[in-house]
Amino acid sequence: MSYHLAQMLPETDSTYIEYQNFKKIFGKDGNIIVVGINDPKIFEIENFNAWYDLTHNIKNLQVNFVQGKKDTLVNGVIEALSVANVYTLKRNKAEKRFDFDQIIKQKPKTQNELDSLKEVLFAQNFYNGYLFRDSSASTLIAITIDTMVLDSKFRDVLFKKIDEEVAHFEEATGIDIHKSGLPYIRANSTTKVKKEIQLFLLLSILITSLILYLFFRSFKATLYAMLVVCVGVVWSVGIQSLFGYEITILTGLIPPLIVVIGIPNCVFLLNKYHSEYKNHGNQIKALSRVIQKIGNAIFLTNTTTALGFATFIFTKSSILIEFGVLAAIDIFIVFILSILIIPIVFSFLKPPKSRHTKHLENKLVVKIVDALEYLVKFKRKLVYVVTIIILALSIYGISLITTTGNIIDDLPKNDPIVEDLLFFEESFNGVMPFEVVIDTKKKNGVFAENGRVLYKIQTLQKEFAKHKEFSKPLSIVEAIKFSYQAYKKGRSKFYILPPATELKKLKKYVQNDKRKNKFSSFIDDDSKITRISFQIADVGTKEMDALILKLQPKIDEIFPPQEYKVTLTGTSVTFLKGTNYLVENLLTSLILAIILIASLMSVLFSSVRMVLVSLLPNLLPLITTAGLMGFFGIPIKPSTILIFSIAFGISVDDTIHFLAKYRQELKHRKWNIKESVYLALRETGVSMIYTSIVLFFGFGVFTVSSFGGTVALGILVSITLLFAMLADLVLLPSLLLSLDKALTTKAFKREPLIEILDEEEDIDIEELEVKPIEHPEIT
């Protein structure tokens, strides 16, 4: 499993580079969990002491960290800070330095003692808006997680222990606790992905098995078709391991996708096998003809599907590249497995009985095909009118689509993670990391010119405070305010940035402290670069862009770009920039998929006109799906934009099967276009309906996901493929008949580079005469 935050930006992207530079100087952000409450009863003696115990118990949590053969007990929590264990600064006049002094050194014994301590706590302005809100009963514990544990599977053990401590507190006090923070959201998502991978695989196998059995009425046909895809699944996971790719929310979808995409191969092979055997009753000849006639067609349909996935390789995003590489390779592997295993296994089995071939004359399917043929024959005008209406409505729907991306966007609104995050956004303005990095471009620039930069930072913080999306900042300015309040005997009114003369006095106190620099988390070693740390609400990409657009002119006004370099970074910024990047690049990958598949079909059918017409039934479903997204308020985001490349690659398969059969019938019917279209429709219609049903219900398994994006993927791909089947069986034959000779050009009649369904004249084996060899040495 991947325990890292998905890297969506390429390593060459400026936002990615800036974030890496930030981590080199200040360390990793996004490793804080918050545990919060909003209840005035917290300052009742028993409840407060329970909060005290909770804080210290969490701080002392340890986990077994296994690395190789080494098993080490490590502190999973670096720090757990709350009102129960905060520090204040004390002025040490003798040594002219500041000393840290813990406000609450032990559990208070009486309510009066607690009330006195509460006054001292609430006088510490540094923590107001960060650990507590004096305007409400909200308070929290900020838990800093060890990054080594956070980026490993052992974090689940740590979070389980935190949950147990929290549950114990809730049981003892009756006070509800909320938990959030980027690490907690990440861990929760990873746990869900683990469970859903197994669920999707199991459901896809069960549903496709059931559908196959209903089609073929044969336990053996179902069993060996499932054998093909199950071997494909095992190989796909093995290949992922060989490549060294971890399981992500995307690569976790590959095993069930292999089941869903691999089964149509088996359906086409078995249908052809049963059809051939029914025609002449020769089993080996039937199996041989299956490979000759269907082999190339399945190879090309799998190629188009693989191309749909392979275009993700060009996005330069590691999570999509891995998905594209694995999916493309695995699709070709399942093709090889199906073309080998099905004919080999069935050559050892008894020939199919009459009940096994009855599905070829399935009355319901035949009626459906007849109805579609009726539409093509007599209602072509109606087909075109309906197509134009659907197209017009879809274009209007597309105009309603919005682009967005939130960190918790794919979770349902009633998910506890979402509800807890909303609590922290209401109480503390958010928990997502947002960093402002200020480079003064000169050594000691942060403190130079009598604190000029410090006053600029304070002005910038005031600008950010005008936007409710941002929490109270943590910065060098806040640390100096905290120090100055201590210098002035802890009086709240002196929590201010002091004048230049007072700054010089404070500087002596800091310089006299030989311990680790108290300001090291805010400035670099040369005092050249400093940071302002905010927590921000989980706003979407549009809101974030609007915020940055408003703030950038103010930033440039306070810190002129010619003198300073100000960078907006942090996990939330890189995630949202990554979302925008993915959406743009996935649109490019869709265009690339269309071009590549169109090029392949032009080679296949040797006719540009035929390619252009054949693309129309495949593009229309994509446009219709996009229109539905607009009408139903489903935004364009990485999880939904994936749909189009995947669906296009799969939907083209039916077009290839239909046109290949159409070309073959043209040759046999002496270029009689009408007769060839109807025959192609009748023969390919049954298999196309079967495979579309498998794909529809196969992708439908993703709708049981707890992630909105995966649900959207399941619903929208299923709908798109259903539309594509109807377009291929109604719109494409209608266009072929209407445009008639304009499409069936000399180029189309020429032999293609790859021949599909090469129908040579059947030779009846029983009529062959075996003559003895006349040779004197042979008796």
# chains A, B, ... in the order shown; residues from 1 in each chain; ligands from 1
>>> residues_around(residues="A:Glu44", least_positions_apart="3", cutoff="9 Å", atoms="only C-alpha atoms", output="count of residues only")
8
>>> closest_atom_pairs(of="stretch 385-430 of chain A", to="stretch 16-35 of chain A", cutoff="10 Å", atoms="only C-alpha atoms", output="tab-separated table")
residue	atom	partner	partner_atom	distance
A:Asp420	CA	A:Val35	CA	9.5
A:Leu421	CA	A:Val34	CA	9.8
A:Phe424	CA	A:Val34	CA	8.6
>>> residues_around(residues="A:Phe43", least_positions_apart="5", cutoff="12 Å", atoms="only C-alpha atoms", output="mmCIF file with C-alpha atoms, in the first residue's frame")
data_model
loop_
_atom_site.group_PDB
_atom_site.id
_atom_site.type_symbol
_atom_site.label_atom_id
_atom_site.label_comp_id
_atom_site.auth_asym_id
_atom_site.auth_seq_id
_atom_site.Cartn_x
_atom_site.Cartn_y
_atom_site.Cartn_z
ATOM 1 C CA ILE A 37 -14.129 19.555 21.627
ATOM 2 C CA ASN A 38 -16.635 22.377 22.074
ATOM 3 C CA PHE A 48 -10.275 18.740 32.794
ATOM 4 C CA ASN A 49 -8.244 16.067 34.569
ATOM 5 C CA ALA A 50 -9.517 13.523 32.016
ATOM 6 C CA TRP A 51 -8.345 15.947 29.266
ATOM 7 C CA TYR A 52 -4.981 16.203 31.092
ATOM 8 C CA VAL A 83 -4.265 23.641 27.452
ATOM 9 C CA ALA A 84 -3.362 20.849 29.893
ATOM 10 C CA PRO A 108 -5.355 20.510 39.679
ATOM 11 C CA THR A 110 -9.758 21.673 43.336
ATOM 12 C CA GLN A 111 -12.131 23.649 41.118
ATOM 13 C CA ASN A 112 -10.743 26.926 42.532
ATOM 14 C CA GLU A 113 -7.209 25.912 41.567
ATOM 15 C CA LEU A 114 -8.416 25.076 38.055
ATOM 16 C CA ASP A 115 -10.259 28.407 37.747
ATOM 17 C CA SER A 116 -7.059 30.258 38.664
ATOM 18 C CA LEU A 117 -5.053 28.273 36.128
ATOM 19 C CA LYS A 118 -7.739 28.955 33.508
ATOM 20 C CA GLU A 119 -7.196 32.721 33.927
ATOM 21 C CA LEU A 121 -4.102 30.058 30.345
ATOM 22 C CA ALA A 137 -15.748 26.644 24.602
ATOM 23 C CA SER A 138 -13.623 25.165 21.789
ATOM 24 C CA THR A 139 -10.260 23.664 22.618
ATOM 25 C CA THR A 173 -16.844 12.409 30.512
ATOM 26 C CA ILE A 175 -18.121 14.857 25.948
#
>>> closest_residue(among="A:Lys413, A:Trp235, A:Tyr564, A:Phe309", to="A:Leu337", atoms="only C-alpha atoms")
A:Trp235
>>> closest_residue(among="A:Ile341, A:Leu202, A:Ala647, A:Val267", to="A:Val231", atoms="only C-alpha atoms")
A:Ile341
>>> closest_residue(among="A:Thr640, A:Gln124, A:Asn60, A:Ser2", to="A:Gly708", atoms="only C-alpha atoms")
A:Thr640
>>> closest_residue(among="A:Leu600, A:Ala371, A:Ile249, A:Leu140", to="A:Asp410", atoms="only C-alpha atoms")
A:Ile249
>>> residues_around(residues="A:Val193", least_positions_apart="4", cutoff="10 Å", atoms="only C-alpha atoms", output="list in words")
Met1, Ala187, Asn188, Ser189, Ile197, Gln198, Leu199, Ile247, Thr248, Ile249, Leu250, Gly252, Leu253, Ser705, Ser706 and Phe707 of chain A
>>> atom_distance(atom1="atom CA of A:Leu242", atom2="atom CA of A:Asp146")
29.6 Å
>>> atom_distance(atom1="atom CA of A:Val677", atom2="atom CA of A:Glu665")
8.0 Å
>>> select_by_dssp(residues="stretch 76-240 of chain A", states="strand (DSSP E or B)", output="mmCIF file with C-alpha atoms, in the first residue's frame")
data_model
loop_
_atom_site.group_PDB
_atom_site.id
_atom_site.type_symbol
_atom_site.label_atom_id
_atom_site.label_comp_id
_atom_site.auth_asym_id
_atom_site.auth_seq_id
_atom_site.Cartn_x
_atom_site.Cartn_y
_atom_site.Cartn_z
ATOM 1 C CA VAL A 77 3.939 11.019 18.675
ATOM 2 C CA ILE A 78 6.574 13.765 18.792
ATOM 3 C CA GLU A 79 4.362 16.223 20.672
ATOM 4 C CA ALA A 80 0.819 16.486 21.996
ATOM 5 C CA LEU A 81 0.034 20.061 22.990
ATOM 6 C CA TYR A 87 4.238 26.437 28.293
ATOM 7 C CA THR A 88 4.670 30.108 28.893
ATOM 8 C CA LEU A 89 7.860 32.172 28.791
ATOM 9 C CA LYS A 90 9.405 33.566 31.952
ATOM 10 C CA ARG A 91 11.861 36.432 31.933
ATOM 11 C CA ASN A 92 15.137 35.421 33.620
ATOM 12 C CA ARG A 97 17.202 35.106 28.824
ATOM 13 C CA PHE A 98 13.734 33.494 28.570
ATOM 14 C CA ASP A 99 12.921 30.198 30.259
ATOM 15 C CA PHE A 100 10.063 27.884 29.342
ATOM 16 C CA ASP A 101 7.692 27.318 32.227
ATOM 17 C CA GLN A 102 4.856 24.763 32.137
ATOM 18 C CA ASN A 128 -5.719 31.881 21.492
ATOM 19 C CA PHE A 132 -8.404 27.388 22.287
ATOM 20 C CA SER A 138 -13.623 25.165 21.789
ATOM 21 C CA THR A 139 -10.260 23.664 22.618
ATOM 22 C CA LEU A 140 -8.019 21.063 20.996
ATOM 23 C CA ILE A 141 -4.974 18.859 21.299
ATOM 24 C CA ALA A 142 -2.434 19.356 18.493
ATOM 25 C CA ILE A 143 -0.679 15.997 17.939
ATOM 26 C CA THR A 144 2.537 16.018 15.897
ATOM 27 C CA ILE A 145 3.126 12.593 14.322
ATOM 28 C CA HIS A 178 -13.830 15.468 16.911
ATOM 29 C CA LYS A 179 -10.683 14.230 15.110
ATOM 30 C CA SER A 180 -9.154 15.645 11.965
#
>>> select_by_dssp(residues="stretch 475-542 of chain A", states="alpha helix (DSSP H)", output="ChimeraX atom specification")
/A:476-487,500-511,541-542
>>> atom_distance(atom1="atom CA of A:Glu557", atom2="atom CA of A:Lys441")
17.1 Å
>>> residues_around(residues="A:Val369", least_positions_apart="2", cutoff="9 Å", atoms="only C-alpha atoms", output="ChimeraX atom specification")
/A:364-367,371-374,681-682,685-686,689,729
>>> write_last_selection(atoms="C-alpha atoms", output="PDB file, in the first residue's frame")
ATOM      1  CA  LEU A 364     -35.043 -11.562 -25.880  1.00  0.00           C
ATOM      2  CA  VAL A 365     -31.689 -10.623 -27.413  1.00  0.00           C
ATOM      3  CA  VAL A 366     -32.934 -11.513 -30.908  1.00  0.00           C
ATOM      4  CA  LYS A 367     -35.991  -9.307 -30.352  1.00  0.00           C
ATOM      5  CA  ALA A 371     -35.998  -3.806 -32.965  1.00  0.00           C
ATOM      6  CA  LEU A 372     -32.663  -2.069 -33.600  1.00  0.00           C
ATOM      7  CA  GLU A 373     -32.664  -3.345 -37.192  1.00  0.00           C
ATOM      8  CA  TYR A 374     -36.200  -1.957 -37.647  1.00  0.00           C
ATOM      9  CA  LEU A 681     -25.933  -5.853 -37.357  1.00  0.00           C
ATOM     10  CA  ARG A 682     -27.546  -9.246 -36.798  1.00  0.00           C
ATOM     11  CA  GLY A 685     -25.420  -7.362 -32.292  1.00  0.00           C
ATOM     12  CA  VAL A 686     -25.736 -10.393 -29.975  1.00  0.00           C
ATOM     13  CA  ILE A 689     -25.212  -6.690 -26.275  1.00  0.00           C
ATOM     14  CA  LEU A 729     -25.910  -0.581 -33.259  1.00  0.00           C
TER      15      LEU A 729
END
>>> closest_residue(among="A:Phe154, A:Val611, A:His4, A:Ile331", to="A:Thr72", atoms="only C-alpha atoms")
A:Phe154
>>> residues_around(residues="A:Met725", least_positions_apart="2", cutoff="8 Å", atoms="only C-alpha atoms", output="PyMOL selection string")
chain A and resi 651+654+688-689+692+721-723+727-729
